[in-house]
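Asker: Got a file for you: work-v6.json, JSON, C-alpha atoms.
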```
[["chain", "number", "residue", "atom", "x", "y", "z"],
["A", 1, "MET", "CA", 0.00, 0.00, 0.00],
["A", 2, "SER", "CA", 1.37, 3.46, -0.91],
["A", 3, "ARG", "CA", 2.30, 6.08, 1.71],
["A", 4, "PHE", "CA", -0.52, 8.22, 0.39],
["A", 5, "LEU", "CA", -3.11, 5.50, 1.01],
["A", 6, "LEU", "CA", -1.65, 4.69, 4.42],
["A", 7, "SER", "CA", -1.82, 8.35, 5.37],
["A", 8, "PHE", "CA", -5.35, 8.62, 4.00],
["A", 9, "CYS", "CA", -6.53, 5.53, 5.92],
["A", 10, "GLY", "CA", -4.82, 6.83, 9.06],
["A", 11, "LEU", "CA", -6.67, 10.09, 8.66],
["A", 12, "LEU", "CA", -9.99, 8.27, 8.36],
["A", 13, "ILE", "CA", -9.25, 6.27, 11.52],
["A", 14, "ALA", "CA", -8.35, 9.44, 13.39],
["A", 15, "ILE", "CA", -11.54, 11.10, 12.25],
["A", 16, "GLY", "CA", -13.52, 8.06, 13.33],
["A", 17, "VAL", "CA", -11.99, 8.05, 16.82],
["A", 18, "CYS", "CA", -12.48, 11.75, 17.33],
["A", 19, "GLY", "CA", -15.99, 11.51, 15.99],
["A", 20, "SER", "CA", -16.78, 8.77, 18.51],
["A", 21, "ALA", "CA", -15.57, 10.93, 21.39],
["A", 22, "ILE", "CA", -17.55, 13.90, 20.22],
["A", 23, "ALA", "CA", -20.65, 11.72, 19.85],
["A", 24, "GLN", "CA", -20.48, 10.80, 23.51],
["A", 25, "GLU", "CA", -20.47, 14.47, 24.43],
["A", 26, "ASP", "CA", -23.05, 15.83, 22.06],
["A", 27, "THR", "CA", -25.37, 13.42, 20.22],
["A", 28, "GLY", "CA", -27.64, 16.27, 19.22],
["A", 29, "ALA", "CA", -24.85, 17.98, 17.28],
["A", 30, "GLU", "CA", -24.02, 14.68, 15.55],
["A", 31, "LYS", "CA", -27.61, 14.24, 14.38],
["A", 32, "ALA", "CA", -27.66, 17.75, 12.97],
["A", 33, "THR", "CA", -24.36, 17.13, 11.20],
["A", 34, "GLY", "CA", -25.62, 13.80, 9.84],
["A", 35, "ASP", "CA", -28.76, 15.39, 8.43],
["A", 36, "LYS", "CA", -26.69, 18.10, 6.80],
["A", 37, "HIS", "CA", -24.32, 15.51, 5.31],
["A", 38, "ALA", "CA", -27.20, 13.44, 3.93],
["A", 39, "SER", "CA", -28.69, 16.53, 2.30],
["A", 40, "ALA", "CA", -25.33, 17.42, 0.72],
["A", 41, "THR", "CA", -24.95, 13.88, -0.59],
["A", 42, "ASP", "CA", -28.41, 13.93, -2.13],
["A", 43, "ASP", "CA", -27.64, 17.26, -3.78],
["A", 44, "ALA", "CA", -24.35, 15.95, -5.19],
["A", 45, "ILE", "CA", -25.99, 12.82, -6.62],
["A", 46, "ALA", "CA", -28.70, 14.93, -8.27],
["A", 47, "GLU", "CA", -26.04, 17.19, -9.79],
["A", 48, "ILE", "CA", -24.10, 14.19, -11.16],
["A", 49, "GLU", "CA", -27.26, 12.65, -12.61],
["A", 50, "ALA", "CA", -27.90, 15.95, -14.38],
["A", 51, "ALA", "CA", -24.29, 15.93, -15.67],
["A", 52, "VAL", "CA", -24.78, 12.42, -17.08],
["A", 53, "GLU", "CA", -27.96, 13.51, -18.87],
["A", 54, "SER", "CA", -26.21, 16.62, -20.21],
["A", 55, "TYR", "CA", -23.29, 14.52, -21.49],
["A", 56, "LEU", "CA", -25.65, 12.11, -23.25],
["A", 57, "ASN", "CA", -27.57, 14.96, -24.89],
["A", 58, "SER", "CA", -24.30, 16.55, -26.06],
["A", 59, "PHE", "CA", -23.21, 13.23, -27.59],
["A", 60, "ARG", "CA", -26.49, 12.77, -29.41],
["A", 61, "ALA", "CA", -26.25, 16.35, -30.71],
["A", 62, "LYS", "CA", -22.62, 15.70, -31.81],
["A", 63, "ASP", "CA", -21.63, 18.85, -29.92],
["A", 64, "VAL", "CA", -17.86, 18.41, -29.51],
["A", 65, "ASP", "CA", -17.36, 21.66, -27.57],
["A", 66, "ALA", "CA", -20.01, 20.71, -25.02],
["A", 67, "LEU", "CA", -18.61, 17.18, -24.66],
["A", 68, "VAL", "CA", -15.07, 18.39, -24.00],
["A", 69, "LYS", "CA", -16.35, 20.81, -21.35],
["A", 70, "HIS", "CA", -17.67, 17.84, -19.37],
["A", 71, "TRP", "CA", -14.07, 16.70, -18.74],
["A", 72, "THR", "CA", -11.36, 18.01, -16.46],
["A", 73, "ALA", "CA", -8.28, 19.43, -18.17],
["A", 74, "GLU", "CA", -6.38, 16.22, -17.30],
["A", 75, "GLY", "CA", -9.29, 13.84, -18.01],
["A", 76, "VAL", "CA", -8.30, 10.34, -19.18],
["A", 77, "TYR", "CA", -10.15, 7.76, -21.28],
["A", 78, "VAL", "CA", -8.68, 4.30, -21.88],
["A", 79, "ASN", "CA", -9.74, 2.44, -25.03],
["A", 80, "ARG", "CA", -11.11, -0.97, -23.99],
["A", 81, "THR", "CA", -9.62, -2.78, -26.99],
["A", 82, "SER", "CA", -6.22, -1.21, -27.64],
["A", 83, "GLU", "CA", -5.69, 0.14, -24.09],
["A", 84, "GLU", "CA", -4.59, 3.38, -25.76],
["A", 85, "ARG", "CA", -4.94, 6.39, -23.44],
["A", 86, "THR", "CA", -6.61, 9.61, -24.50],
["A", 87, "ALA", "CA", -5.77, 12.40, -22.06],
["A", 88, "GLY", "CA", -6.50, 16.12, -21.98],
["A", 89, "HIS", "CA", -8.91, 18.35, -23.85],
["A", 90, "ALA", "CA", -6.93, 18.48, -27.10],
["A", 91, "ASP", "CA", -6.74, 14.71, -27.52],
["A", 92, "LEU", "CA", -10.33, 14.22, -26.42],
["A", 93, "ARG", "CA", -11.49, 16.82, -28.93],
["A", 94, "ALA", "CA", -9.59, 15.06, -31.71],
["A", 95, "GLN", "CA", -11.17, 11.72, -30.78],
["A", 96, "PHE", "CA", -14.70, 13.16, -30.74],
["A", 97, "GLU", "CA", -14.20, 14.92, -34.06],
["A", 98, "GLN", "CA", -12.87, 11.74, -35.64],
["A", 99, "HIS", "CA", -15.77, 9.75, -34.24],
["A", 100, "PHE", "CA", -18.46, 12.14, -35.52],
["A", 101, "SER", "CA", -16.82, 12.52, -38.96],
["A", 102, "SER", "CA", -17.29, 8.80, -39.63],
["A", 103, "ASP", "CA", -20.03, 7.66, -42.01],
["A", 104, "VAL", "CA", -21.00, 4.98, -39.48],
["A", 105, "ALA", "CA", -23.97, 6.02, -37.35],
["A", 106, "PHE", "CA", -23.79, 5.38, -33.60],
["A", 107, "GLU", "CA", -26.47, 5.57, -30.95],
["A", 108, "LEU", "CA", -25.54, 5.77, -27.26],
["A", 109, "ASP", "CA", -27.60, 5.10, -24.16],
["A", 110, "LEU", "CA", -26.35, 5.36, -20.56],
["A", 111, "GLN", "CA", -27.94, 3.73, -17.53],
["A", 112, "THR", "CA", -26.56, 4.79, -14.15],
["A", 113, "GLU", "CA", -26.56, 1.96, -11.61],
["A", 114, "SER", "CA", -24.89, 3.69, -8.66],
["A", 115, "ILE", "CA", -23.27, 6.97, -7.61],
["A", 116, "ASP", "CA", -20.98, 6.98, -4.57],
["A", 117, "LEU", "CA", -19.70, 10.17, -3.00],
["A", 118, "VAL", "CA", -16.10, 9.49, -1.94],
["A", 119, "SER", "CA", -15.59, 12.99, -0.59],
["A", 120, "PRO", "CA", -17.38, 16.33, -1.02],
["A", 121, "ASN", "CA", -15.51, 16.86, -4.30],
["A", 122, "VAL", "CA", -14.96, 13.28, -5.57],
["A", 123, "ALA", "CA", -17.61, 10.81, -6.76],
["A", 124, "ILE", "CA", -17.73, 7.51, -8.65],
["A", 125, "GLU", "CA", -20.53, 6.61, -11.04],
["A", 126, "ARG", "CA", -21.03, 3.03, -12.23],
["A", 127, "GLY", "CA", -23.40, 2.07, -14.98],
["A", 128, "LEU", "CA", -24.22, 0.32, -18.24],
["A", 129, "ALA", "CA", -23.58, 1.80, -21.69],
["A", 130, "THR", "CA", -25.34, 0.48, -24.78],
["A", 131, "VAL", "CA", -23.97, 1.33, -28.23],
["A", 132, "LEU", "CA", -26.00, 0.57, -31.36],
["A", 133, "VAL", "CA", -24.10, 0.70, -34.64],
["A", 134, "GLU", "CA", -26.36, 1.35, -37.64],
["A", 135, "GLN", "CA", -29.12, -0.95, -36.40],
["A", 136, "ALA", "CA", -26.65, -3.81, -35.96],
["A", 137, "GLU", "CA", -26.51, -5.91, -32.83],
["A", 138, "SER", "CA", -25.90, -3.66, -29.84],
["A", 139, "ILE", "CA", -22.71, -3.64, -27.76],
["A", 140, "GLN", "CA", -23.03, -3.32, -24.00],
["A", 141, "MET", "CA", -20.32, -2.19, -21.61],
["A", 142, "THR", "CA", -20.09, -1.68, -17.90],
["A", 143, "TYR", "CA", -18.35, 1.61, -17.08],
["A", 144, "GLN", "CA", -16.93, 3.51, -14.14],
["A", 145, "VAL", "CA", -16.51, 7.28, -14.13],
["A", 146, "VAL", "CA", -14.53, 9.26, -11.57],
["A", 147, "TYR", "CA", -15.94, 12.78, -11.16],
["A", 148, "LEU", "CA", -14.19, 15.79, -9.62],
["A", 149, "LYS", "CA", -16.06, 18.89, -8.56],
["A", 150, "GLN", "CA", -14.27, 21.95, -9.87],
["A", 151, "GLU", "CA", -15.61, 25.50, -9.72],
["A", 152, "GLY", "CA", -19.06, 24.21, -8.80],
["A", 153, "ARG", "CA", -19.32, 21.64, -11.63],
["A", 154, "TRP", "CA", -18.92, 17.85, -11.60],
["A", 155, "LEU", "CA", -16.44, 16.99, -14.34],
["A", 156, "ILE", "CA", -15.24, 13.66, -15.71],
["A", 157, "ASP", "CA", -11.66, 12.89, -14.67],
["A", 158, "ARG", "CA", -11.35, 9.23, -15.69],
["A", 159, "VAL", "CA", -13.43, 6.67, -17.58],
["A", 160, "THR", "CA", -12.84, 2.92, -17.58],
["A", 161, "GLU", "CA", -15.12, 0.40, -19.23],
["A", 162, "GLU", "CA", -15.38, -3.29, -19.96],
["A", 163, "GLU", "CA", -17.40, -4.86, -22.74],
["A", 164, "ILE", "CA", -19.93, -7.45, -21.68],
["A", 165, "GLU", "CA", -19.47, -10.71, -23.55],
["A", 166, "ARG", "CA", -22.80, -11.66, -25.04],
["A", 167, "THR", "CA", -23.81, -15.23, -25.74],
["A", 168, "PRO", "CA", -24.68, -15.60, -29.46],
["A", 169, "GLU", "CA", -28.37, -16.02, -30.16],
["A", 170, "GLY", "CA", -27.86, -19.44, -31.72],
["A", 171, "ILE", "CA", -26.28, -20.83, -28.56],
["A", 172, "LEU", "CA", -29.07, -19.37, -26.42],
["A", 173, "GLN", "CA", -31.71, -20.95, -28.66],
["A", 174, "LEU", "CA", -30.03, -24.36, -28.67],
["A", 175, "GLN", "CA", -29.75, -24.35, -24.88],
["A", 176, "ARG", "CA", -33.49, -24.99, -24.88],
["A", 177, "LEU", "CA", -32.64, -28.47, -26.18],
["A", 178, "GLU", "CA", -30.18, -29.21, -23.38],
["A", 179, "TRP", "CA", -32.46, -32.06, -22.28],
["A", 180, "LEU", "CA", -31.38, -34.04, -25.38],
["A", 181, "VAL", "CA", -27.76, -34.25, -24.21],
["A", 182, "GLY", "CA", -26.77, -37.69, -22.91],
["A", 183, "ASP", "CA", -26.96, -41.37, -23.77],
["A", 184, "TRP", "CA", -30.43, -42.76, -24.46],
["A", 185, "ILE", "CA", -32.23, -45.96, -25.44],
["A", 186, "ASP", "CA", -35.63, -46.68, -26.96],
["A", 187, "ALA", "CA", -36.24, -50.42, -26.91],
["A", 188, "ASP", "CA", -38.92, -53.09, -27.23],
["A", 189, "GLU", "CA", -38.69, -56.87, -27.37],
["A", 190, "GLN", "CA", -37.28, -56.99, -30.93],
["A", 191, "THR", "CA", -35.42, -53.74, -31.57],
["A", 192, "ALA", "CA", -33.43, -51.13, -29.69],
["A", 193, "VAL", "CA", -32.43, -47.68, -30.84],
["A", 194, "GLU", "CA", -29.49, -46.15, -28.99],
["A", 195, "PHE", "CA", -28.78, -42.42, -29.09],
["A", 196, "THR", "CA", -25.83, -40.33, -27.98],
["A", 197, "CYS", "CA", -26.21, -36.55, -28.00],
["A", 198, "ASP", "CA", -23.62, -33.90, -27.13],
["A", 199, "TRP", "CA", -22.48, -30.37, -27.92],
["A", 200, "THR", "CA", -19.87, -29.44, -30.46],
["A", 201, "GLU", "CA", -16.83, -27.79, -28.88],
["A", 202, "ASN", "CA", -18.15, -24.22, -29.06],
["A", 203, "LYS", "CA", -21.79, -25.19, -28.41],
["A", 204, "SER", "CA", -22.90, -23.84, -31.78],
["A", 205, "TYR", "CA", -24.42, -27.24, -32.66],
["A", 206, "LEU", "CA", -25.78, -30.37, -31.08],
["A", 207, "TYR", "CA", -24.92, -33.67, -32.67],
["A", 208, "ARG", "CA", -26.83, -36.93, -32.21],
["A", 209, "LYS", "CA", -25.50, -40.32, -33.20],
["A", 210, "TYR", "CA", -27.83, -43.27, -33.33],
["A", 211, "LYS", "CA", -27.83, -46.95, -34.21],
["A", 212, "VAL", "CA", -30.68, -49.41, -34.69],
["A", 213, "ILE", "CA", -29.93, -52.83, -33.15],
["A", 214, "SER", "CA", -31.91, -55.96, -33.97],
["A", 215, "GLU", "CA", -31.05, -59.34, -32.48],
["A", 216, "GLY", "CA", -27.66, -58.03, -31.44],
["A", 217, "ASP", "CA", -26.71, -56.70, -34.88],
["A", 218, "VAL", "CA", -26.58, -53.06, -36.02],
["A", 219, "ASP", "CA", -29.09, -52.71, -38.85],
["A", 220, "SER", "CA", -28.44, -49.03, -39.53],
["A", 221, "SER", "CA", -26.91, -45.92, -38.00],
["A", 222, "GLY", "CA", -26.73, -42.22, -38.61],
["A", 223, "LEU", "CA", -25.74, -38.75, -37.55],
["A", 224, "GLN", "CA", -27.97, -35.75, -36.89],
["A", 225, "ILE", "CA", -26.73, -32.16, -36.58],
["A", 226, "ILE", "CA", -28.98, -29.59, -34.88],
["A", 227, "GLY", "CA", -28.25, -25.88, -35.22],
["A", 228, "TRP", "CA", -29.69, -22.37, -35.29],
["A", 229, "ASN", "CA", -30.52, -20.89, -38.69],
["A", 230, "ALA", "CA", -29.83, -17.17, -38.26],
["A", 231, "ALA", "CA", -31.47, -16.29, -41.59],
["A", 232, "THR", "CA", -34.85, -17.89, -40.84],
["A", 233, "LYS", "CA", -34.65, -17.60, -37.02],
["A", 234, "GLU", "CA", -35.37, -21.32, -36.67],
["A", 235, "ILE", "CA", -33.73, -24.38, -35.23],
["A", 236, "ASN", "CA", -32.92, -26.73, -38.10],
["A", 237, "SER", "CA", -31.60, -30.28, -38.16],
["A", 238, "TRP", "CA", -29.87, -32.36, -40.80],
["A", 239, "LEU", "CA", -29.79, -36.15, -40.51],
["A", 240, "PHE", "CA", -27.67, -38.51, -42.60],
["A", 241, "ASP", "CA", -28.22, -42.27, -42.36],
["A", 242, "SER", "CA", -25.92, -45.15, -43.20],
["A", 243, "ASP", "CA", -28.15, -46.20, -46.12],
["A", 244, "GLY", "CA", -27.51, -42.93, -47.98],
["A", 245, "GLY", "CA", -30.70, -41.07, -47.10],
["A", 246, "PHE", "CA", -30.96, -37.65, -45.50],
["A", 247, "VAL", "CA", -33.58, -35.66, -43.62],
["A", 248, "LYS", "CA", -33.99, -31.93, -42.99],
["A", 249, "GLY", "CA", -36.13, -30.79, -40.05],
["A", 250, "ILE", "CA", -37.52, -27.61, -38.52],
["A", 251, "TRP", "CA", -37.90, -27.59, -34.71],
["A", 252, "LEU", "CA", -40.66, -25.67, -32.98],
["A", 253, "GLU", "CA", -41.53, -25.59, -29.27],
["A", 254, "ARG", "CA", -44.90, -24.89, -27.73],
["A", 255, "ASP", "CA", -46.00, -25.49, -24.15],
["A", 256, "GLY", "CA", -43.01, -27.71, -23.40],
["A", 257, "ARG", "CA", -43.50, -29.96, -26.43],
["A", 258, "TRP", "CA", -41.24, -29.97, -29.47],
["A", 259, "THR", "CA", -42.44, -30.78, -33.00],
["A", 260, "VAL", "CA", -39.98, -31.44, -35.80],
["A", 261, "SER", "CA", -41.41, -31.11, -39.31],
["A", 262, "SER", "CA", -39.14, -33.11, -41.59],
["A", 263, "VAL", "CA", -38.62, -33.73, -45.28],
["A", 264, "ALA", "CA", -36.74, -36.90, -46.24],
["A", 265, "THR", "CA", -34.96, -38.18, -49.33],
["A", 266, "LEU", "CA", -34.24, -41.92, -49.42],
["A", 267, "ASN", "CA", -31.23, -43.48, -51.13],
["A", 268, "ASN", "CA", -33.41, -44.56, -54.08],
["A", 269, "GLY", "CA", -34.70, -41.02, -54.64],
["A", 270, "SER", "CA", -38.07, -41.47, -52.97],
["A", 271, "GLN", "CA", -39.43, -38.42, -51.18],
["A", 272, "GLY", "CA", -41.21, -38.36, -47.86],
["A", 273, "SER", "CA", -42.25, -36.20, -44.94],
["A", 274, "PHE", "CA", -43.26, -36.68, -41.33],
["A", 275, "VAL", "CA", -43.60, -34.90, -38.00],
["A", 276, "SER", "CA", -41.72, -36.06, -34.89],
["A", 277, "VAL", "CA", -43.08, -35.04, -31.49],
["A", 278, "TYR", "CA", -40.81, -34.87, -28.42],
["A", 279, "THR", "CA", -42.16, -34.28, -24.92],
["A", 280, "PRO", "CA", -39.57, -34.03, -22.11],
["A", 281, "GLN", "CA", -40.70, -35.53, -18.80],
["A", 282, "ASP", "CA", -39.98, -34.51, -15.22],
["A", 283, "ASP", "CA", -38.46, -37.94, -14.46],
["A", 284, "GLY", "CA", -35.55, -37.40, -16.88],
["A", 285, "THR", "CA", -37.08, -39.32, -19.80],
["A", 286, "TYR", "CA", -38.80, -38.00, -22.90],
["A", 287, "ARG", "CA", -41.68, -39.28, -25.00],
["A", 288, "TRP", "CA", -41.39, -39.57, -28.76],
["A", 289, "LYS", "CA", -43.77, -40.36, -31.61],
["A", 290, "LYS", "CA", -43.89, -39.93, -35.37],
["A", 291, "ILE", "CA", -47.08, -38.75, -37.11],
["A", 292, "ASN", "CA", -48.26, -37.50, -40.53],
["A", 293, "ARG", "CA", -45.96, -39.93, -42.35],
["A", 294, "VAL", "CA", -46.08, -39.60, -46.14],
["A", 295, "LEU", "CA", -43.94, -41.46, -48.71],
["A", 296, "ASP", "CA", -44.21, -40.57, -52.39],
["A", 297, "GLY", "CA", -47.70, -39.20, -51.80],
["A", 298, "THR", "CA", -48.94, -42.20, -49.84],
["A", 299, "LEU", "CA", -50.04, -41.72, -46.21],
["A", 300, "LEU", "CA", -48.40, -44.21, -43.85],
["A", 301, "PRO", "CA", -49.48, -45.23, -40.32],
["A", 302, "SER", "CA", -48.19, -43.16, -37.41],
["A", 303, "LEU", "CA", -45.68, -44.68, -35.03],
["A", 304, "ASP", "CA", -46.99, -45.07, -31.48],
["A", 305, "GLU", "CA", -45.52, -42.95, -28.71],
["A", 306, "THR", "CA", -42.62, -44.52, -26.84],
["A", 307, "VAL", "CA", -40.55, -43.54, -23.83],
["A", 308, "VAL", "CA", -36.85, -42.82, -24.41],
["A", 309, "ARG", "CA", -34.77, -43.46, -21.26],
["A", 310, "PRO", "CA", -31.21, -42.72, -20.20],
["A", 311, "ARG", "CA", -28.88, -45.68, -20.59]]
```
Would you mind writing the structure in this file as C-alpha cells?

Answerer:
Amino acid sequence: MSRFLLSFCGLLIAIGVCGSAIAQEDTGAEKATGDKHASATDDAIAEIEAAVESYLNSFRAKDVDALVKHWTAEGVYVNRTSEERTAGHADLRAQFEQHFSSDVAFELDLQTESIDLVSPNVAIERGLATVLVEQAESIQMTYQVVYLKQEGRWLIDRVTEEEIERTPEGILQLQRLEWLVGDWIDADEQTAVEFTCDWTENKSYLYRKYKVISEGDVDSSGLQIIGWNAATKEINSWLFDSDGGFVKGIWLERDGRWTVSSVATLNNGSQGSFVSVYTPQDDGTYRWKKINRVLDGTLLPSLDETVVRPR
C-alpha cells in the first residue's frame, strides 16, 4: 500500500476516533451534522445525474465543444480494446471529431446503476452503456466514471469500461434443447435404438449419433446435426443415415412440447415427410412419436408414442 493511502486511511481512523468521542459528548450535534451531510450527498448525486444527462444529450447532438467541457483538463479515457490512453482536452477533442466525422452512425444510451460520493468533491458513477451501430446488434459495456467537482461543476476525470461478452443467439436458442444431451435408449422386445447426443466444442451445434440394433446386430446408423438458422430464425436439423438417405427438419416448441417437421430423401430417390413429437418428462425421460408420415404421396401409419430413457 502506498504512503498516500496509508496516510489517508490513518486520517480516516483518526476522524472516526475523534468523531466517537464527540458523539459521547453531544449526540444532538451529531444528528444535525448527519442530516446536513445526507442533504449534501443527495444534492451531489442529483447534480451528477444531471451531468450524465447533459453529457448524453451533447453526444447525441454531436456537440464536440459541449462534450469536452464535461471533462477536467487532465481527463483520461482508456480504449477498452487497444488500451490506448486519451488524455487532456486536445486529444479528447480530436477523438470526438474523428468519431463524428465517420459515415457509421452510432447511438448511445447510458444507464446509471450507482453513484458513490467518496468525498465532497470526488464521486464515482457506475453504470451500463449500450452502443447501437447502424441498427446492428448492440454492444453493451459496464463503465466507471470518476468525477471531480471543480468551480461548482462535476467533471469527468477518468473513464474505464469493460465490454460485456454476449452469448450468441444461436447458442441461447439451442440451450433450450439441453435435455437431449446424454446417452439414451428406446427399446422393445425386438429392436433397440441407442442415441448419444452432445455439444460441439463451441456449443454452436448439437450432434446426435444413433444406431438401430436388432437381435444383437446393427441394422443401420446415422448422424444428426442440430443448429440455429440465423437467416430464418429457426432451429434446423440435418440427418444422414448409413443407407444414404438424409432428412432436414424444422424444430418448434410450444407449451413444453417440441415438434420437428421433416422432409426426407431416401437413397433410391423417394421423397417423404413426417412430424416427430418430443415431450420431455420430469423424471428425466422424454416421449417420442412420429405422425403425418407420407412417402411418395402415400399416407403411412403413425408410429406409437414410446418412452426414451437414459442408458

Asker: Between region 153-248 of chain A and region 92-97 of chain A, at 12 Å or less, what are the per-residue closest atom pairs and their distances in Å? Count all atoms listed in the file, order by chain and rising residue number, and return it as JSON lines.

Answerer:
```
{"residue": "A:Ile156", "atom": "CA", "partner": "A:Leu92", "partner_atom": "CA", "distance": 11.8}
{"residue": "A:Asp157", "atom": "CA", "partner": "A:Leu92", "partner_atom": "CA", "distance": 11.9}
{"residue": "A:Arg158", "atom": "CA", "partner": "A:Leu92", "partner_atom": "CA", "distance": 11.9}
```

Asker: Given all atoms listed in the file as the basis, pick out the residue of A:Asn57, A:Thr196, A:Ser204, A:Thr259 nearest to Gln175 (chain A).

Answerer: A:Ser204

Asker: Do you know which residues are at most 10 Å from region 289-297 of chain A counting only C-alpha atoms, after dropping those on the same chain fewer than 3 positions away, and could you put them as a CSV table (one decimal) with C-alpha atoms, in the coordinates of the input?

Answerer:
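Output file around-v8.csv follows:
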```
chain,number,residue,atom,x,y,z
A,259,THR,CA,-42.4,-30.8,-33.0
A,260,VAL,CA,-40.0,-31.4,-35.8
A,261,SER,CA,-41.4,-31.1,-39.3
A,262,SER,CA,-39.1,-33.1,-41.6
A,263,VAL,CA,-38.6,-33.7,-45.3
A,264,ALA,CA,-36.7,-36.9,-46.2
A,265,THR,CA,-35.0,-38.2,-49.3
A,266,LEU,CA,-34.2,-41.9,-49.4
A,269,GLY,CA,-34.7,-41.0,-54.6
A,270,SER,CA,-38.1,-41.5,-53.0
A,271,GLN,CA,-39.4,-38.4,-51.2
A,272,GLY,CA,-41.2,-38.4,-47.9
A,273,SER,CA,-42.2,-36.2,-44.9
A,274,PHE,CA,-43.3,-36.7,-41.3
A,275,VAL,CA,-43.6,-34.9,-38.0
A,276,SER,CA,-41.7,-36.1,-34.9
A,277,VAL,CA,-43.1,-35.0,-31.5
A,278,TYR,CA,-40.8,-34.9,-28.4
A,279,THR,CA,-42.2,-34.3,-24.9
A,300,LEU,CA,-48.4,-44.2,-43.8
A,301,PRO,CA,-49.5,-45.2,-40.3
A,302,SER,CA,-48.2,-43.2,-37.4
A,303,LEU,CA,-45.7,-44.7,-35.0
A,304,ASP,CA,-47.0,-45.1,-31.5
A,305,GLU,CA,-45.5,-43.0,-28.7
A,306,THR,CA,-42.6,-44.5,-26.8
A,307,VAL,CA,-40.6,-43.5,-23.8
```

Asker: With distances taken over only C-alpha atoms, which residue among A:Leu177, A:Ala40, A:Ala192, A:Ile48 lies nearest Leu252 (chain A)?

Answerer: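 Using only C-alpha atoms, the shortest distance to Leu252 (chain A) belongs to A:Leu177.
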
Asker: Taking 5 positions as the minimum chain separation for residues in the same chain, which residues sit within 12 Å of Glu178 (chain A) when counting all atoms listed in the file? Answer as a ChimeraX atom specification.

Answerer: /A:171-173,197-199,203,205-207,226,280,284

Asker: Mind pulling up the distance from CA of Asp63 (chain A) to CA of Asp91 (chain A)?

Answerer: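 These two atoms are separated by 15.6 Å.
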
Asker: Which is closer to Val308 (chain A) than all the others in A:Ala87, A:Val52, A:Ala105, A:Ile185, using all atoms listed in the file?

Answerer: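 For Val308 (chain A), the nearest of the given residues is A:Ile185.
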
Asker: Between CA of Glu84 (chain A) and CA of Glu161 (chain A), what is the distance in Å, rounded to a tenth?

Answerer: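 Distance reported for this atom pair: 12.7 Å.
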
Asker: Between A:Val193, A:Ala44, A:Ala230, A:Ile225, which has the minimum distance to Phe246 (chain A) (counting all atoms listed in the file)?

Answerer: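 Closest candidate: A:Ile225.
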
Asker: Using only C-alpha atoms, list the residues that have an atom at most 8 Å from (-21.3, 3.7, -36.5), coordinates as in the file, as a CSV table (one decimal) with C-alpha atoms, keeping the file's coordinate frame.

Answerer:
```
chain,number,residue,atom,x,y,z
A,102,SER,CA,-17.3,8.8,-39.6
A,103,ASP,CA,-20.0,7.7,-42.0
A,104,VAL,CA,-21.0,5.0,-39.5
A,105,ALA,CA,-24.0,6.0,-37.4
A,106,PHE,CA,-23.8,5.4,-33.6
A,107,GLU,CA,-26.5,5.6,-31.0
A,132,LEU,CA,-26.0,0.6,-31.4
A,133,VAL,CA,-24.1,0.7,-34.6
A,134,GLU,CA,-26.4,1.4,-37.6
```

Asker: Closest to Val131 (chain A) among A:Leu148, A:Val118, A:Leu180, A:Leu110, using only C-alpha atoms?

Answerer: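 So, comparing all the options, the nearest one is A:Leu110.
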